[in-house]
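*Asks:* The file below is my_file.txt, compact mmCIF, C-alpha atoms:
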```txt
# COMPACT_ATOMS: atom_id res chain seq x y z
CA MET A 1 81.41 173.31 115.92
CA SER A 2 83.53 175.56 113.72
CA ASN A 3 82.16 177.63 110.84
CA GLN A 4 84.45 175.63 108.60
CA ARG A 5 82.61 172.40 109.50
CA ILE A 6 79.24 174.02 109.04
CA ASP A 7 80.19 175.32 105.59
CA ARG A 8 81.55 171.92 104.61
CA ARG A 9 78.45 170.05 105.69
CA ALA A 10 76.28 172.55 103.81
CA PHE A 11 78.39 171.99 100.70
CA LEU A 12 78.08 168.23 100.93
CA GLY A 13 74.34 168.42 101.40
CA ARG A 14 73.89 170.82 98.49
CA SER A 15 75.96 168.62 96.18
CA VAL A 16 73.54 165.75 96.63
CA LEU A 17 70.28 167.65 96.79
CA ALA A 18 71.12 169.51 93.60
CA GLY A 19 71.61 166.18 91.85
CA GLY A 20 74.17 167.68 89.48
CA THR A 21 77.76 168.81 89.30
CA VAL A 22 78.83 171.30 91.94
CA ALA A 23 81.71 173.66 91.20
CA ALA A 24 84.76 172.99 93.33
CA THR A 25 84.81 176.38 95.00
CA LEU A 26 85.06 175.60 98.69
CA ALA A 27 86.23 177.62 101.62
CA ALA A 28 89.94 178.39 101.29
CA PRO A 29 91.04 176.27 104.31
CA HIS A 30 89.33 173.22 102.82
CA VAL A 31 90.93 173.70 99.39
CA ALA A 32 94.36 174.07 100.94
CA ARG A 33 93.93 170.87 102.93
CA ALA A 34 92.63 168.96 99.92
CA GLN A 35 95.39 169.96 97.52
CA GLY A 36 97.62 166.97 96.82
CA GLN A 37 95.59 164.81 99.18
CA THR A 38 92.97 163.26 96.94
CA THR A 39 91.67 159.95 98.25
CA THR A 40 91.20 157.62 95.28
CA TRP A 41 88.92 154.59 95.38
CA ARG A 42 89.08 151.86 92.78
CA VAL A 43 85.45 150.84 92.25
CA GLN A 44 84.40 147.85 90.14
CA THR A 45 80.82 147.34 89.01
CA SER A 46 79.03 144.18 87.91
CA TRP A 47 77.87 145.93 84.73
CA PRO A 48 79.64 144.40 81.71
CA GLY A 49 78.37 147.04 79.26
CA GLY A 50 75.43 149.09 78.02
CA ILE A 51 73.64 151.95 79.74
CA GLY A 52 74.40 150.46 83.16
CA LEU A 53 78.16 150.67 82.71
CA GLN A 54 77.92 154.05 80.97
CA THR A 55 75.86 155.55 83.81
CA PHE A 56 78.19 154.08 86.42
CA LYS A 57 81.27 155.57 84.74
CA GLU A 58 79.61 158.98 84.41
CA TRP A 59 78.72 158.94 88.10
CA CYS A 60 82.25 157.99 89.12
CA ALA A 61 83.65 160.78 86.96
CA SER A 62 81.50 163.34 88.82
CA ILE A 63 82.74 162.56 92.33
CA LYS A 64 86.06 164.41 92.21
CA GLU A 65 84.46 167.69 91.17
CA LYS A 66 81.61 167.34 93.65
CA THR A 67 84.09 166.94 96.50
CA GLY A 68 86.51 169.63 95.40
CA GLY A 69 89.18 167.04 94.68
CA GLU A 70 89.03 165.36 98.07
CA LEU A 71 87.60 162.03 96.83
CA GLU A 72 87.88 160.36 93.45
CA PHE A 73 86.34 157.14 92.08
CA THR A 74 88.28 155.23 89.43
CA PRO A 75 85.69 153.01 87.69
CA PHE A 76 86.14 149.47 86.41
CA GLY A 77 83.63 147.35 84.51
CA ALA A 78 82.80 143.69 85.12
CA ASN A 79 85.92 141.47 85.14
CA ASP A 80 88.30 144.40 84.64
CA VAL A 81 90.13 143.67 87.91
CA VAL A 82 88.50 140.53 89.32
CA GLY A 83 85.61 138.25 88.35
CA ASP A 84 82.08 139.05 89.46
CA PHE A 85 82.08 136.35 92.12
CA GLN A 86 85.41 137.58 93.55
CA LEU A 87 84.26 141.15 94.18
CA PHE A 88 83.77 140.79 97.91
CA ASP A 89 87.14 139.12 98.45
CA ALA A 90 88.73 141.95 96.46
CA VAL A 91 87.16 144.68 98.58
CA LYS A 92 87.89 142.85 101.85
CA ASN A 93 91.53 142.36 100.86
CA GLY A 94 92.06 145.90 99.59
CA VAL A 95 92.48 145.01 95.92
CA LEU A 96 89.51 147.34 95.39
CA GLU A 97 88.33 150.02 97.79
CA ALA A 98 84.69 149.65 96.77
CA VAL A 99 82.39 147.55 94.59
CA ASN A 100 79.03 148.03 92.90
CA PRO A 101 77.70 144.46 92.67
CA PHE A 102 74.32 142.88 92.22
CA THR A 103 73.43 142.44 95.88
CA ILE A 104 72.37 138.81 95.36
CA TYR A 105 76.05 137.92 94.82
CA ALA A 106 76.66 138.47 98.56
CA GLN A 107 74.61 135.41 99.48
CA GLY A 108 77.73 133.24 99.46
CA ILE A 109 79.18 135.04 102.49
CA ILE A 110 76.02 136.60 103.97
CA PRO A 111 73.13 134.10 103.73
CA ALA A 112 70.62 136.80 104.69
CA ALA A 113 71.55 138.76 101.57
CA VAL A 114 68.93 136.79 99.63
CA PHE A 115 66.40 139.05 101.37
CA LEU A 116 68.39 142.25 100.84
CA THR A 117 67.44 142.17 97.17
CA SER A 118 64.54 141.02 95.05
CA TYR A 119 63.31 137.45 95.34
CA PRO A 120 60.50 135.71 93.42
CA LEU A 121 57.10 137.34 93.98
CA GLY A 122 58.35 139.23 97.06
CA LEU A 123 58.43 143.04 97.18
CA ARG A 124 57.48 144.04 93.65
CA ASN A 125 58.22 147.74 93.12
CA PRO A 126 61.33 149.86 93.64
CA HIS A 127 59.66 152.10 96.22
CA GLU A 128 58.82 149.04 98.32
CA PHE A 129 62.50 148.18 98.70
CA ASP A 130 63.29 151.82 99.43
CA THR A 131 60.65 151.67 102.16
CA PHE A 132 62.25 148.51 103.55
CA TYR A 133 65.73 150.02 103.58
CA TYR A 134 65.04 153.60 104.60
CA GLY A 135 61.81 153.23 106.57
CA LEU A 136 61.67 149.75 108.11
CA GLY A 137 65.22 149.28 109.36
CA GLY A 138 66.71 147.33 106.46
CA LEU A 139 69.70 149.64 106.01
CA GLU A 140 70.79 149.28 109.62
CA ILE A 141 70.56 145.48 109.45
CA ALA A 142 72.49 145.34 106.17
CA ARG A 143 75.28 147.46 107.64
CA GLU A 144 75.46 145.24 110.71
CA LEU A 145 75.82 142.08 108.59
CA TYR A 146 78.38 143.57 106.22
CA ALA A 147 80.43 144.99 109.10
CA ALA A 148 80.87 141.44 110.41
CA GLN A 149 82.54 140.67 107.06
CA GLY A 150 84.88 143.66 107.15
CA MET A 151 82.77 145.76 104.76
CA TYR A 152 80.48 148.77 104.89
CA PHE A 153 77.15 148.63 103.06
CA VAL A 154 76.63 152.21 101.90
CA GLY A 155 73.20 151.74 100.36
CA PRO A 156 71.02 150.02 97.75
CA ILE A 157 71.08 151.09 94.11
CA GLN A 158 67.97 150.50 91.99
CA HIS A 159 68.34 149.48 88.37
CA ASP A 160 65.59 147.50 86.63
CA ALA A 161 63.48 144.40 86.36
CA ASN A 162 65.00 141.15 85.15
CA LEU A 163 63.82 139.73 81.84
CA ILE A 164 63.84 136.18 80.51
CA HIS A 165 65.34 135.66 77.04
CA SER A 166 64.86 132.32 75.34
CA LYS A 167 65.38 130.44 72.12
CA VAL A 168 61.90 128.93 72.40
CA PRO A 169 58.62 130.64 73.32
CA ILE A 170 57.61 130.66 76.99
CA ARG A 171 53.83 131.02 77.02
CA SER A 172 53.10 129.54 80.46
CA ILE A 173 55.13 128.45 83.47
CA ASP A 174 54.83 124.87 82.18
CA ASP A 175 57.16 125.84 79.33
CA PHE A 176 60.11 126.16 81.73
CA ARG A 177 60.14 122.40 82.24
CA ASP A 178 63.41 120.78 81.07
CA ARG A 179 64.83 124.09 79.83
CA LYS A 180 68.53 124.78 80.46
CA MET A 181 68.29 128.12 82.22
CA ARG A 182 70.79 130.65 83.56
CA LEU A 183 69.79 132.13 86.91
CA PRO A 184 71.66 133.94 89.73
CA GLY A 185 71.14 131.08 92.20
CA GLY A 186 69.37 131.25 95.55
CA MET A 187 65.61 131.36 95.79
CA VAL A 188 65.22 132.36 92.16
CA ALA A 189 66.89 129.15 91.03
CA GLU A 190 64.88 127.02 93.44
CA VAL A 191 61.57 128.40 92.18
CA PHE A 192 62.44 127.56 88.60
CA GLN A 193 63.80 124.17 89.61
CA ALA A 194 60.42 123.50 91.23
CA LEU A 195 58.88 124.34 87.84
CA GLY A 196 61.13 121.78 86.17
CA ALA A 197 63.92 123.96 84.77
CA LYS A 198 67.54 122.78 84.75
CA THR A 199 69.33 125.78 86.20
CA THR A 200 72.92 126.95 86.16
CA VAL A 201 74.63 129.94 87.80
CA LEU A 202 76.61 132.27 85.54
CA PRO A 203 77.77 135.89 85.92
CA GLY A 204 76.25 138.34 83.45
CA SER A 205 79.39 138.55 81.33
CA GLU A 206 79.15 134.82 80.49
CA ILE A 207 75.50 134.69 79.39
CA PHE A 208 75.93 135.65 75.72
CA PRO A 209 78.56 132.98 74.93
CA ALA A 210 76.54 130.36 76.79
CA LEU A 211 73.44 131.18 74.73
CA GLU A 212 75.49 131.30 71.55
CA LYS A 213 77.03 127.88 72.17
CA GLY A 214 73.74 126.32 73.28
CA THR A 215 75.00 125.58 76.78
CA ILE A 216 71.77 127.22 77.92
CA ASP A 217 68.60 127.99 76.00
CA VAL A 218 66.94 130.36 78.50
CA ALA A 219 68.56 133.15 80.52
CA ASP A 220 67.43 135.73 82.98
CA TYR A 221 69.34 138.97 83.19
CA THR A 222 68.51 142.63 83.59
CA GLY A 223 66.26 144.91 81.52
CA PRO A 224 65.95 145.48 77.78
CA ALA A 225 68.48 148.29 77.33
CA VAL A 226 71.40 146.45 78.93
CA ASN A 227 70.43 143.10 77.43
CA TYR A 228 70.17 144.54 73.93
CA ALA A 229 73.60 146.14 74.27
CA LEU A 230 74.96 142.73 75.30
CA GLY A 231 73.64 141.23 72.04
CA PHE A 232 70.86 139.02 73.39
CA SER A 233 68.69 139.60 70.31
CA GLN A 234 71.41 137.90 68.26
CA VAL A 235 71.20 134.62 70.18
CA THR A 236 67.55 134.43 71.31
CA LYS A 237 64.19 134.92 69.61
CA TYR A 238 61.84 135.52 72.55
CA ILE A 239 61.40 137.65 75.67
CA SER A 240 59.08 136.32 78.36
CA MET A 241 57.34 138.82 80.65
CA GLY A 242 54.58 138.88 83.23
CA PRO A 243 51.06 140.20 82.65
CA PRO A 244 50.67 143.82 81.45
CA GLY A 245 52.15 146.13 84.06
CA PHE A 246 54.28 143.28 85.42
CA MET A 247 57.50 143.58 83.45
CA SER A 248 58.98 140.50 85.08
CA LEU A 249 56.88 137.73 86.54
CA TYR A 250 59.44 136.62 89.09
CA GLN A 251 61.75 139.60 89.65
CA PRO A 252 60.20 142.97 88.74
CA VAL A 253 62.78 144.73 90.91
CA ASP A 254 66.48 144.04 91.21
CA LEU A 255 69.08 145.76 93.34
CA MET A 256 72.73 146.62 93.25
CA ASP A 257 74.58 148.43 96.01
CA LEU A 258 77.76 150.27 96.91
CA THR A 259 79.94 148.29 99.31
CA VAL A 260 83.21 149.65 100.67
CA GLY A 261 86.07 147.94 102.49
CA ILE A 262 85.93 148.86 106.15
CA ASN A 263 89.46 150.30 106.21
CA ALA A 264 88.77 152.56 103.23
CA TRP A 265 85.48 153.65 104.81
CA ASN A 266 86.96 154.39 108.22
CA ALA A 267 89.72 156.48 106.62
CA LEU A 268 87.15 159.05 105.43
CA PRO A 269 86.26 162.04 107.62
CA ASP A 270 82.69 161.98 108.96
CA GLU A 271 81.45 164.69 106.59
CA MET A 272 82.76 162.76 103.57
CA LYS A 273 81.09 159.58 104.80
CA GLN A 274 77.82 161.52 104.93
CA PHE A 275 78.42 162.75 101.40
CA VAL A 276 79.02 159.22 100.04
CA GLU A 277 75.88 157.91 101.73
CA MET A 278 73.67 160.71 100.39
CA GLU A 279 75.31 160.59 96.97
CA THR A 280 74.67 156.85 96.70
CA HIS A 281 70.99 157.40 97.49
CA ALA A 282 70.76 160.11 94.84
CA TYR A 283 72.65 157.96 92.34
CA SER A 284 70.15 155.13 92.85
CA ASP A 285 67.35 157.36 91.57
CA MET A 286 69.42 158.69 88.66
CA HIS A 287 70.69 155.22 87.71
CA HIS A 288 67.19 153.73 87.71
CA ALA A 289 65.72 156.58 85.64
CA ALA A 290 68.54 156.50 83.08
CA ILE A 291 68.04 152.79 82.52
CA GLN A 292 64.25 153.15 82.23
CA LYS A 293 64.73 155.86 79.60
CA ALA A 294 67.11 153.65 77.62
CA ASN A 295 64.62 150.78 77.87
CA GLN A 296 62.08 152.72 75.82
CA GLU A 297 64.52 152.86 72.92
CA ALA A 298 65.59 149.24 73.36
CA TRP A 299 62.08 147.82 72.92
CA LYS A 300 61.94 149.14 69.37
CA LYS A 301 65.36 147.68 68.61
CA PHE A 302 64.27 144.24 69.80
CA ALA A 303 61.13 144.50 67.65
CA ASP A 304 63.20 145.52 64.61
CA ASP A 305 65.40 142.47 65.16
CA GLY A 306 62.34 140.22 65.12
CA THR A 307 62.23 139.40 68.84
CA GLU A 308 58.78 138.26 69.97
CA VAL A 309 57.49 139.23 73.41
CA THR A 310 55.30 136.66 75.17
CA ARG A 311 53.37 137.38 78.35
CA LEU A 312 52.41 135.08 81.16
CA THR A 313 49.06 135.52 82.91
CA GLN A 314 47.66 136.43 86.30
CA ASP A 315 47.01 132.71 86.79
CA ASP A 316 50.75 132.14 86.31
CA VAL A 317 51.43 134.83 88.93
CA ALA A 318 49.16 133.01 91.40
CA LEU A 319 50.70 129.62 90.64
CA MET A 320 54.26 130.87 90.94
CA THR A 321 53.40 132.63 94.22
CA GLU A 322 52.16 129.31 95.62
CA VAL A 323 55.46 127.73 94.62
CA ALA A 324 57.53 130.64 95.96
CA VAL A 325 56.08 131.17 99.43
CA PRO A 326 57.30 127.88 101.00
CA ILE A 327 60.72 128.55 99.45
CA TRP A 328 60.76 131.98 101.14
CA PHE A 329 60.27 130.27 104.49
CA ASN A 330 62.88 127.60 103.79
CA TRP A 331 65.50 130.27 103.13
CA ALA A 332 64.42 132.41 106.07
CA ASN A 333 64.75 129.43 108.39
CA LYS A 334 68.34 128.74 107.31
CA ASP A 335 69.70 131.80 109.10
CA LYS A 336 68.50 133.89 112.03
CA ASN A 337 69.34 137.17 110.28
CA ALA A 338 67.52 136.05 107.15
CA ALA A 339 64.48 135.31 109.33
CA ARG A 340 64.75 138.72 110.98
CA ILE A 341 64.79 140.51 107.61
CA PHE A 342 62.08 138.34 106.08
CA GLN A 343 59.71 138.91 109.00
CA ILE A 344 59.86 142.67 108.37
CA GLN A 345 59.13 142.16 104.68
CA LEU A 346 56.40 139.58 105.28
CA ASP A 347 54.58 141.94 107.65
CA TYR A 348 54.81 144.63 104.97
CA MET A 349 53.56 142.28 102.22
CA GLN A 350 50.60 141.24 104.40
CA SER A 351 49.71 144.80 105.34
CA GLY A 352 46.97 146.91 103.87
CA SER A 353 49.66 148.76 101.91
CA LEU A 354 50.43 145.75 99.70
CA GLY A 355 48.30 142.66 100.38
CA TYR A 356 50.54 140.33 98.34
CA VAL A 357 50.29 137.44 100.80
CA GLU A 358 46.89 136.04 101.73
CA PRO A 359 46.60 134.06 105.00
CA ASP A 360 45.83 130.78 103.21
CA LEU A 361 49.28 130.86 101.58
CA LEU A 362 50.90 130.67 105.02
CA GLU A 363 49.08 127.59 106.34
CA GLY A 364 51.56 125.17 107.87
CA LEU A 365 54.47 127.59 107.50
CA GLU A 366 56.34 129.28 110.34
CA LEU A 367 59.59 131.03 111.07
CA THR A 368 61.56 128.79 113.40
CA ASN A 369 64.78 130.78 113.60
CA LEU A 370 63.72 134.08 115.14
```
Represent the structure from my file as structure tokens, please.
*Replies:*
Amino acid sequence: MSNQRIDRRAFLGRSVLAGGTVAATLAAPHVARAQGQTTTWRVQTSWPGGIGLQTFKEWCASIKEKTGGELEFTPFGANDVVGDFQLFDAVKNGVLEAVNPFTIYAQGIIPAAVFLTSYPLGLRNPHEFDTFYYGLGGLEIARELYAAQGMYFVGPIQHDANLIHSKVPIRSIDDFRDRKMRLPGGMVAEVFQALGAKTTVLPGSEIFPALEKGTIDVADYTGPAVNYALGFSQVTKYISMGPPGFMSLYQPVDLMDLTVGINAWNALPDEMKQFVEMETHAYSDMHHAAIQKANQEAWKKFADDGTEVTRLTQDDVALMTEVAVPIWFNWANKDKNAARIFQIQLDYMQSGSLGYVEPDLLEGLELTNL
């Protein structure tokens, strides 16, 4: 291996480990090769506004300097190029080189994707999903499934819990009955349907007008900072949360990711692929922390606007878990890859590390598609 390659790999590693901007002073041969040869990726996120979109744009703006001009990300917000539910077609067809979606949106083309992100009462903390991806084989499985669709799954990106905003108070899970509720579909929708809610699927950019018009009276979306920036306090009066320490009863973790079209990915040299993978992992931590910081300011803004926070109880957690577990198995049994992923997570949830799933909850349930 040449000294040039060694120097380049060291640069790429330092740029991520430092977590900040690295001056574009590379070895002269690298600079000469990069001049006039910038690879530009158009990258659209699912964030329609707020701290999520701001953080995404700041990250994209840092890539060119970190790579000495070799790679550049041109950022687009939600709906700037295509609609949220057309992101994967756009990246497969080359309209966009990469996308930063909510991972749940992939369930339409990859059924197992329902287990590649948060689902009701499943893994409940960000580090648990990081353990799944980076310690228990989840990343390798995700890349295998995305490759079959002509895409490369670079890595998960943590952001926040999902909150429930409503026009009426939600003081127990019984209060969801007959409510018109926006949800992202999948298992989340089925759990609330089992509780009596009338659910509809909408992308994040359409939630505010739907609440304003009364098309829905309850909506789940992301955390307080983003939701405040989107104006939710103007069209709802209540936020429903789990018990203290449980910011969201049903989805205390939610994931985005960076997905790249396979042709754009394969066009990168190996060292640059390594950079993008490590940079995405570092960005996940920065993105999550930036949003949590903004949340602390947003809570006061909601209070000043007169929003009331209601909390469900540990009894509600237990009841919703009983509703959720059979739904987990139903979804896992729809697809052999879903079953493969879920088995890893179920073993983890039953382990001494977590203990979320007691044996009595599994009576009569089995995975039939392994």
*Asks:* Show which residues sit within 10 Å of Ile344 in chain A, as a PDB file with C-alpha atoms, in the coordinates of the input. Count all atoms listed in the file, and ignore same-chain residues fewer than 3 positions away.
*Replies:*
```
ATOM      1  CA  PHE A 132      62.250 148.510 103.550  1.00  0.00           C
ATOM      2  CA  LEU A 136      61.670 149.750 108.110  1.00  0.00           C
ATOM      3  CA  GLY A 137      65.220 149.280 109.360  1.00  0.00           C
ATOM      4  CA  GLY A 138      66.710 147.330 106.460  1.00  0.00           C
ATOM      5  CA  ALA A 339      64.480 135.310 109.330  1.00  0.00           C
ATOM      6  CA  ARG A 340      64.750 138.720 110.980  1.00  0.00           C
ATOM      7  CA  ILE A 341      64.790 140.510 107.610  1.00  0.00           C
ATOM      8  CA  ASP A 347      54.580 141.940 107.650  1.00  0.00           C
ATOM      9  CA  TYR A 348      54.810 144.630 104.970  1.00  0.00           C
ATOM     10  CA  MET A 349      53.560 142.280 102.220  1.00  0.00           C
TER      11      MET A 349
END
```
*Asks:* So how far away is CA of Ile173 in chain A from CA of Val357 in chain A, in Å?
*Replies:*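 Distance reported for this atom pair: 20.1 Å.
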*Asks:* Calculated over only C-alpha atoms, which of the candidates A:Ala267, A:Ile164, A:Met256, A:Ile262 has the smallest distance to Phe102 in chain A?
*Replies:*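 Checking each of A:Ala267, A:Ile164, A:Met256, A:Ile262 against Phe102 in chain A, counting only C-alpha atoms, the winner is A:Met256.
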*Asks:* When distances are computed from all atoms listed in the file, which of A:Ala338, A:Ala219, A:Leu121, A:Leu354 shows the smallest separation from Met320 in chain A?
*Replies:*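 Of A:Ala338, A:Ala219, A:Leu121, A:Leu354, the one nearest Met320 in chain A, counting all atoms listed in the file, is A:Leu121.
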*Asks:* Please identify all polymer residues within 7 Å of Arg124 in chain A, counting all atoms listed in the file, omitting same-chain residues fewer than 2 positions from it, and present them as a VMD selection string.
*Replies:* chain A and resid 121 to 122 126 128 252 to 253
*Asks:* Have a look at CA of Gln350 in chain A and CA of Ser118 in chain A and let me know their distance in Å, one decimal.
*Replies:*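 It comes out at 16.8 Å.
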*Asks:* CA of Gly186 in chain A to CA of Ala294 in chain A: how many Å, to one decimal?
*Replies:* 28.8 Å
*Asks:* Using only C-alpha atoms, which residue out of A:Gly242, A:Gly223, A:Pro359, A:Gly108 lies closest to Phe302 in chain A?
*Replies:*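 When distances to Phe302 in chain A are compared using only C-alpha atoms, the smallest one comes from A:Gly223.
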*Asks:* Give me, as a list in words, all polymer residues having an atom no more than 7 Å from Glu97 in chain A, counting only C-alpha atoms and skipping those fewer than 2 positions away in the same chain.
*Replies:*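 Everything that qualifies: Trp41, Arg42, Val43, Val91, Gly94, Val95, Val260, Gly261 and Ala264 of chain A.
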*Asks:* Take the residues from that selection and write them out as a compact mmCIF listing (two decimals), in the coordinates of the input, keeping C-alpha atoms.
*Replies:*
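This went into again-v7.txt:
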```
# COMPACT_ATOMS: atom_id res chain seq x y z
CA TRP A 41 88.92 154.59 95.38
CA ARG A 42 89.08 151.86 92.78
CA VAL A 43 85.45 150.84 92.25
CA VAL A 91 87.16 144.68 98.58
CA GLY A 94 92.06 145.90 99.59
CA VAL A 95 92.48 145.01 95.92
CA VAL A 260 83.21 149.65 100.67
CA GLY A 261 86.07 147.94 102.49
CA ALA A 264 88.77 152.56 103.23
```
*Asks:* May I ask which of the residues A:Ala332, A:Ile239, A:Leu362, A:Leu249 is the closest one to Ala303 in chain A, counting all atoms listed in the file?
*Replies:*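 Distance minimum relative to Ala303 in chain A lands on A:Ile239.
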*Asks:* Counting all atoms listed in the file, what is within 7 Å of Thr236 in chain A, bar same-chain residues fewer than 5 positions away, as a list in words?
*Replies:*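 So, after excluding close chain neighbours, the residues are His165, Ser166 and Lys167 of chain A.
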*Asks:* Near Gln292 in chain A, within 12 Å and counting all atoms listed in the file, which residues show up once chain neighbours fewer than 3 positions away are dropped, as a tab-separated table (two decimals) with C-alpha atoms, in the frame of the given file?
*Replies:*
```tsv
chain	number	residue	atom	x	y	z
A	51	ILE	CA	73.64	151.95	79.74
A	52	GLY	CA	74.40	150.46	83.16
A	55	THR	CA	75.86	155.55	83.81
A	158	GLN	CA	67.97	150.50	91.99
A	159	HIS	CA	68.34	149.48	88.37
A	160	ASP	CA	65.59	147.50	86.63
A	161	ALA	CA	63.48	144.40	86.36
A	222	THR	CA	68.51	142.63	83.59
A	223	GLY	CA	66.26	144.91	81.52
A	224	PRO	CA	65.95	145.48	77.78
A	225	ALA	CA	68.48	148.29	77.33
A	226	VAL	CA	71.40	146.45	78.93
A	247	MET	CA	57.50	143.58	83.45
A	285	ASP	CA	67.35	157.36	91.57
A	286	MET	CA	69.42	158.69	88.66
A	287	HIS	CA	70.69	155.22	87.71
A	288	HIS	CA	67.19	153.73	87.71
A	289	ALA	CA	65.72	156.58	85.64
A	295	ASN	CA	64.62	150.78	77.87
A	296	GLN	CA	62.08	152.72	75.82
A	297	GLU	CA	64.52	152.86	72.92
A	298	ALA	CA	65.59	149.24	73.36
A	299	TRP	CA	62.08	147.82	72.92
```
*Asks:* Neighbourhood query: residues within 10 Å of (89.6, 152.2, 89.8), file coordinates, counting all atoms listed in the file; return as a ChimeraX atom specification.
*Replies:* /A:40-44,60,72-77,80-81,95-99
*Asks:* Which of these residues is nearest to Tyr152 in chain A, using all atoms listed in the file: A:Leu346, A:Ile291, A:Val168, A:Leu258?
*Replies:*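 For Tyr152 in chain A, the nearest of the candidates is A:Leu258.
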*Asks:* Show me the residues close to (69.5, 133.8, 113.7) - anything with an atom within 7 Å, counting all atoms listed in the file - and format the list as a list in words.
*Replies:*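 The residues that fall inside the cut-off are Asp335, Lys336, Asn337, Ala339, Asn369 and Leu370 of chain A.
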*Asks:* Write the residues of the preceding selection, restricted to C-alpha atoms, as a tab-separated table (two decimals), in the coordinates of the input.
*Replies:*
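Dumped to out_39.tsv:
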```tsv
chain	number	residue	atom	x	y	z
A	335	ASP	CA	69.70	131.80	109.10
A	336	LYS	CA	68.50	133.89	112.03
A	337	ASN	CA	69.34	137.17	110.28
A	339	ALA	CA	64.48	135.31	109.33
A	369	ASN	CA	64.78	130.78	113.60
A	370	LEU	CA	63.72	134.08	115.14
```
*Asks:* Enclose the full set of atoms of range 151-168 of chain A listed in the file within a box whose edges lie along x, y and z, apply 3 Å of padding to each of the six sides, and report centre and edge lengths in Å to one decimal as AutoDock Vina command-line options.
*Replies:*
```
--center_x 72.3 --center_y 140.6 --center_z 88.5 --size_x 26.9 --size_y 29.3 --size_z 38.8
```
*Asks:* Compare A:Phe329, A:Tyr283, A:Phe342, A:Phe176 by their minimum atom-to-atom distance to Trp59 in chain A, counting all atoms listed in the file, and give me the closest one.
*Replies:*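 Selected residue with least distance to Trp59 in chain A: A:Tyr283.
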